[in-house]
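**Student:** Quick one: this structure, given as structure tokens, is what I'll be asking you about.
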Amino acid sequence: MRNILTTLAITVLALATSATAAEPTAFALIKEGNKHVGEDAKDRIVQMRSEKSVGTMTPNIWHIVFYDPDASLKATEVTFSGGVKQSVKRPSRLLEPITGAHKQLEKSKLKIDSDRAIELAIKDPSLKNLKLTNTQLWLERSDEGPRWKVRLWAERVHDSTKTAEIGQVYIAAEDGKVMERDLHINRAD
């Protein structure tokens with residue numbers, strides 16, 4: 001009986017540890033980022049982008065750009081690594097007012113989080129025979145509304161020690177619809 005209780009306790013501890021070790025989603029980081037920006041910038045997202053994931057399909061380094069009316073170039077960027085704030089800065093975004101990329105994304109249309117965007121992107125039928133290894137994401141504006149750009153990497157077929165960038169899938173942030181595919185699976189040869 002004692003062995004069963006010990007095994008059960010170890011299992012519960014392992015599950016609790018793995019649950020807390022999971023990377024936070026992009027939307028969870030928005031809430032965390034709100035703690036590091038002024039009151040007028042909270043929840044006013046202009047763009048989110050990750051670095052390429054390492055050793056997993058989930059990125060752990062994120063840059064969140066908030067629309068900040070108090071900043072000279074109307075932007076404050078909060079960078080996270082492993083869910084921990086690394087920096088807060090006011091980046092030079094000189095071209096964004098010209099291109100319209102300085103405008104805040106419609107919060108009501110931000111329904112699909114980063115983890116779900118990855119799930120939807122990797123379900124593409126043309127990817128079923130590839131071993132996907134890494135992702136990189138951007139939450140950005142488009143003519144149809146906010147969208148996720150999910151860039152994908154896969155193991156090379158003839159050399160599994162190397163990976164190849166195979167393109168991207170664009171997912172609507174409002175409903176998860178695949179808006180566009182730009183995949184080049186032949187790069188994995």
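In the structure tokens, the first chain shown is A, the next is B, and so on; residue numbers restart at 1 for each chain, and ligands run from 1 in the order shown.
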Using DSSP assignments from the backbone, pull out every residue in region 21-171 of chain A that falls under strand (DSSP E or B) and give it to me as a count of residues only.
**Tutor:** 53
**Student:** Neighbours of Lys123 (chain A) within 12 Å (only C-alpha atoms; same-chain residues fewer than 4 positions away dropped), as an mmCIF file with N, CA and C atoms, in the first residue's frame?
**Tutor:**
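File part.cif, as written:
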data_model
loop_
_atom_site.group_PDB
_atom_site.id
_atom_site.type_symbol
_atom_site.label_atom_id
_atom_site.label_comp_id
_atom_site.auth_asym_id
_atom_site.auth_seq_id
_atom_site.Cartn_x
_atom_site.Cartn_y
_atom_site.Cartn_z
ATOM 1 N N ARG A 116 -3.457 27.332 -30.606
ATOM 2 C CA ARG A 116 -4.488 26.865 -31.546
ATOM 3 C C ARG A 116 -4.070 27.165 -32.984
ATOM 4 N N ALA A 117 -3.433 28.303 -33.225
ATOM 5 C CA ALA A 117 -2.957 28.639 -34.574
ATOM 6 C C ALA A 117 -1.942 27.600 -35.053
ATOM 7 N N ILE A 118 -1.065 27.170 -34.161
ATOM 8 C CA ILE A 118 -0.096 26.129 -34.525
ATOM 9 C C ILE A 118 -0.823 24.832 -34.861
ATOM 10 N N GLU A 119 -1.771 24.438 -34.016
ATOM 11 C CA GLU A 119 -2.543 23.210 -34.265
ATOM 12 C C GLU A 119 -3.206 23.246 -35.630
ATOM 13 N N LEU A 127 1.214 18.376 -45.187
ATOM 14 C CA LEU A 127 2.284 18.228 -44.198
ATOM 15 C C LEU A 127 2.287 16.872 -43.509
ATOM 16 N N LYS A 128 1.321 16.005 -43.817
ATOM 17 C CA LYS A 128 1.138 14.781 -43.045
ATOM 18 C C LYS A 128 2.332 13.828 -43.089
ATOM 19 N N ASN A 129 3.141 13.854 -44.124
ATOM 20 C CA ASN A 129 4.277 12.932 -44.214
ATOM 21 C C ASN A 129 5.595 13.551 -43.751
ATOM 22 N N LEU A 130 5.530 14.766 -43.218
ATOM 23 C CA LEU A 130 6.738 15.439 -42.748
ATOM 24 C C LEU A 130 6.809 15.418 -41.230
ATOM 25 N N LEU A 132 7.495 17.743 -38.532
ATOM 26 C CA LEU A 132 7.646 19.168 -38.250
ATOM 27 C C LEU A 132 8.450 19.351 -36.977
ATOM 28 N N LEU A 152 6.849 27.369 -40.681
ATOM 29 C CA LEU A 152 7.116 25.987 -40.278
ATOM 30 C C LEU A 152 8.471 25.500 -40.780
ATOM 31 N N VAL A 169 1.681 29.208 -43.106
ATOM 32 C CA VAL A 169 0.232 29.101 -43.217
ATOM 33 C C VAL A 169 -0.332 30.309 -42.482
ATOM 34 N N ILE A 171 -3.550 32.025 -40.666
ATOM 35 C CA ILE A 171 -4.767 31.629 -39.962
ATOM 36 C C ILE A 171 -5.495 32.882 -39.472
ATOM 37 N N GLY A 176 -10.173 31.061 -36.962
ATOM 38 C CA GLY A 176 -9.287 29.930 -37.207
ATOM 39 C C GLY A 176 -9.291 29.421 -38.635
ATOM 40 N N LYS A 177 -9.938 30.133 -39.527
ATOM 41 C CA LYS A 177 -9.978 29.727 -40.931
ATOM 42 C C LYS A 177 -8.595 29.903 -41.561
ATOM 43 N N VAL A 178 -8.188 28.928 -42.359
ATOM 44 C CA VAL A 178 -6.937 29.053 -43.096
ATOM 45 C C VAL A 178 -7.171 30.047 -44.221
ATOM 46 N N ARG A 181 -2.017 29.663 -47.855
ATOM 47 C CA ARG A 181 -0.916 28.731 -47.646
ATOM 48 C C ARG A 181 0.217 29.138 -48.596
#
**Student:** Could you tell me, as a PyMOL selection string, which residues of region 1-186 of chain A DSSP assigns to alpha helix (DSSP H) when given the backbone?
**Tutor:** chain A and resi 2-21+26-33+96-99+114-122
**Student:** Which residues come within 9 Å of Gly55 (chain A), counting only C-alpha atoms, excluding same-chain residues fewer than 2 positions away, as a PDB file with all heavy atoms, in the first residue's frame?
**Tutor:**
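File out-v2.pdb, as written:
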ATOM      1  N   SER A  53      11.013  28.696 -32.630  1.00  0.00           N
ATOM      2  CA  SER A  53      11.019  27.791 -31.481  1.00  0.00           C
ATOM      3  C   SER A  53      12.274  26.912 -31.525  1.00  0.00           C
ATOM      4  O   SER A  53      12.826  26.650 -32.586  1.00  0.00           O
ATOM      5  CB  SER A  53       9.763  26.916 -31.474  1.00  0.00           C
ATOM      6  OG  SER A  53       9.737  26.050 -32.597  1.00  0.00           O
ATOM      7  N   MET A  57       7.655  22.683 -30.772  1.00  0.00           N
ATOM      8  CA  MET A  57       6.857  23.421 -31.753  1.00  0.00           C
ATOM      9  C   MET A  57       6.343  24.748 -31.183  1.00  0.00           C
ATOM     10  O   MET A  57       5.800  25.558 -31.902  1.00  0.00           O
ATOM     11  CB  MET A  57       5.669  22.564 -32.200  1.00  0.00           C
ATOM     12  CG  MET A  57       6.069  21.361 -33.039  1.00  0.00           C
ATOM     13  SD  MET A  57       6.699  21.816 -34.667  1.00  0.00           S
ATOM     14  CE  MET A  57       5.185  22.302 -35.474  1.00  0.00           C
ATOM     15  N   THR A  58       6.511  24.955 -29.887  1.00  0.00           N
ATOM     16  CA  THR A  58       5.990  26.158 -29.237  1.00  0.00           C
ATOM     17  C   THR A  58       7.111  27.163 -28.990  1.00  0.00           C
ATOM     18  O   THR A  58       8.048  26.863 -28.252  1.00  0.00           O
ATOM     19  CB  THR A  58       5.332  25.786 -27.893  1.00  0.00           C
ATOM     20  OG1 THR A  58       4.345  24.784 -28.131  1.00  0.00           O
ATOM     21  CG2 THR A  58       4.688  26.990 -27.237  1.00  0.00           C
ATOM     22  N   THR A 133       9.314  20.369 -36.973  1.00  0.00           N
ATOM     23  CA  THR A 133      10.234  20.532 -35.847  1.00  0.00           C
ATOM     24  C   THR A 133      10.128  21.875 -35.140  1.00  0.00           C
ATOM     25  O   THR A 133      10.341  21.952 -33.940  1.00  0.00           O
ATOM     26  CB  THR A 133      11.694  20.360 -36.322  1.00  0.00           C
ATOM     27  OG1 THR A 133      11.960  21.315 -37.355  1.00  0.00           O
ATOM     28  CG2 THR A 133      11.937  18.944 -36.835  1.00  0.00           C
ATOM     29  N   ASN A 134       9.838  22.947 -35.879  1.00  0.00           N
ATOM     30  CA  ASN A 134       9.881  24.291 -35.296  1.00  0.00           C
ATOM     31  C   ASN A 134       8.795  25.160 -35.907  1.00  0.00           C
ATOM     32  O   ASN A 134       8.333  24.905 -37.011  1.00  0.00           O
ATOM     33  CB  ASN A 134      11.234  24.972 -35.554  1.00  0.00           C
ATOM     34  CG  ASN A 134      12.407  24.120 -35.197  1.00  0.00           C
ATOM     35  OD1 ASN A 134      12.827  23.297 -35.988  1.00  0.00           O
ATOM     36  ND2 ASN A 134      12.942  24.306 -34.017  1.00  0.00           N
TER      37      ASN A 134
END
**Student:** How close does each residue of region 88-174 of chain A get to region 62-83 of chain A, giving the shortest atom pair and distance in Å to one decimal for every residue with an atom at most 7 Å away, counting only C-alpha atoms, sorted by chain and residue number, as a tab-separated table?
**Tutor:**
residue	atom	partner	partner_atom	distance
A:Val88	CA	A:Val78	CA	4.5
A:Lys89	CA	A:Glu77	CA	5.3
A:Arg90	CA	A:Thr76	CA	4.5
A:Pro91	CA	A:Thr76	CA	6.6
A:Ser92	CA	A:Leu73	CA	6.8
A:Arg93	CA	A:Leu73	CA	6.4
A:Gln104	CA	A:Tyr67	CA	6.0
**Student:** Could you please take those selected residues and save N, CA, C and O atoms as a PDB file, in the first residue's frame?
**Tutor:**
ATOM      1  N   VAL A  88      11.533  46.057 -21.739  1.00  0.00           N
ATOM      2  CA  VAL A  88      10.462  46.954 -22.167  1.00  0.00           C
ATOM      3  C   VAL A  88      11.153  48.122 -22.852  1.00  0.00           C
ATOM      4  O   VAL A  88      12.057  48.727 -22.277  1.00  0.00           O
ATOM      5  N   LYS A  89      10.762  48.392 -24.094  1.00  0.00           N
ATOM      6  CA  LYS A  89      11.398  49.497 -24.809  1.00  0.00           C
ATOM      7  C   LYS A  89      10.392  50.168 -25.726  1.00  0.00           C
ATOM      8  O   LYS A  89       9.321  49.628 -25.998  1.00  0.00           O
ATOM      9  N   ARG A  90      10.758  51.322 -26.194  1.00  0.00           N
ATOM     10  CA  ARG A  90       9.943  52.065 -27.155  1.00  0.00           C
ATOM     11  C   ARG A  90      10.695  52.051 -28.481  1.00  0.00           C
ATOM     12  O   ARG A  90      11.597  52.864 -28.701  1.00  0.00           O
ATOM     13  N   PRO A  91      10.322  51.116 -29.355  1.00  0.00           N
ATOM     14  CA  PRO A  91      11.094  50.902 -30.586  1.00  0.00           C
ATOM     15  C   PRO A  91      10.883  52.004 -31.622  1.00  0.00           C
ATOM     16  O   PRO A  91       9.880  52.716 -31.608  1.00  0.00           O
ATOM     17  N   SER A  92      11.841  52.108 -32.515  1.00  0.00           N
ATOM     18  CA  SER A  92      11.728  53.031 -33.651  1.00  0.00           C
ATOM     19  C   SER A  92      10.881  52.348 -34.708  1.00  0.00           C
ATOM     20  O   SER A  92      11.321  51.413 -35.355  1.00  0.00           O
ATOM     21  N   ARG A  93       9.684  52.791 -34.854  1.00  0.00           N
ATOM     22  CA  ARG A  93       8.763  52.241 -35.850  1.00  0.00           C
ATOM     23  C   ARG A  93       8.389  53.378 -36.793  1.00  0.00           C
ATOM     24  O   ARG A  93       7.258  53.843 -36.805  1.00  0.00           O
ATOM     25  N   GLN A 104      -3.850  49.691 -33.881  1.00  0.00           N
ATOM     26  CA  GLN A 104      -4.141  48.614 -32.952  1.00  0.00           C
ATOM     27  C   GLN A 104      -5.030  47.559 -33.616  1.00  0.00           C
ATOM     28  O   GLN A 104      -5.897  47.882 -34.422  1.00  0.00           O
TER      29      GLN A 104
END
**Student:** Of the candidates A:Lys109, A:Thr56, A:Trp148, A:Asp143, which shows the shortest atom-to-atom distance to Lys131 (chain A), using only C-alpha atoms?
**Tutor:** A:Thr56
**Student:** For Val157 (chain A), which residue out of A:Asp124, A:Asp189, A:Asp113, A:Glu106 is the nearest one, using only C-alpha atoms?
**Tutor:**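 Nearest to Val157 (chain A): A:Asp189.
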**Student:** When distances are computed from only C-alpha atoms, which of A:Ile61, A:Val84, A:Ala172, A:Val37 shows the smallest separation from Glu140 (chain A)?
**Tutor:**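 Of all the options, A:Ala172 lies closest to Glu140 (chain A).
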**Student:** Nearest to Leu29 (chain A) among A:Ile122, A:Ile45, A:Ala164, A:Ala173, with distances taken over only C-alpha atoms: which residue is it?
**Tutor:**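 Of A:Ile122, A:Ile45, A:Ala164, A:Ala173, the one nearest Leu29 (chain A), counting only C-alpha atoms, is A:Ile45.
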**Student:** Can you work out which one of A:Gly167, A:Pro125, A:Gly33, A:Pro59 has the shortest atom-to-atom distance to Arg151 (chain A), counting only C-alpha atoms?
**Tutor:**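 Checking each candidate against Arg151 (chain A), we get A:Gly167 as the closest.
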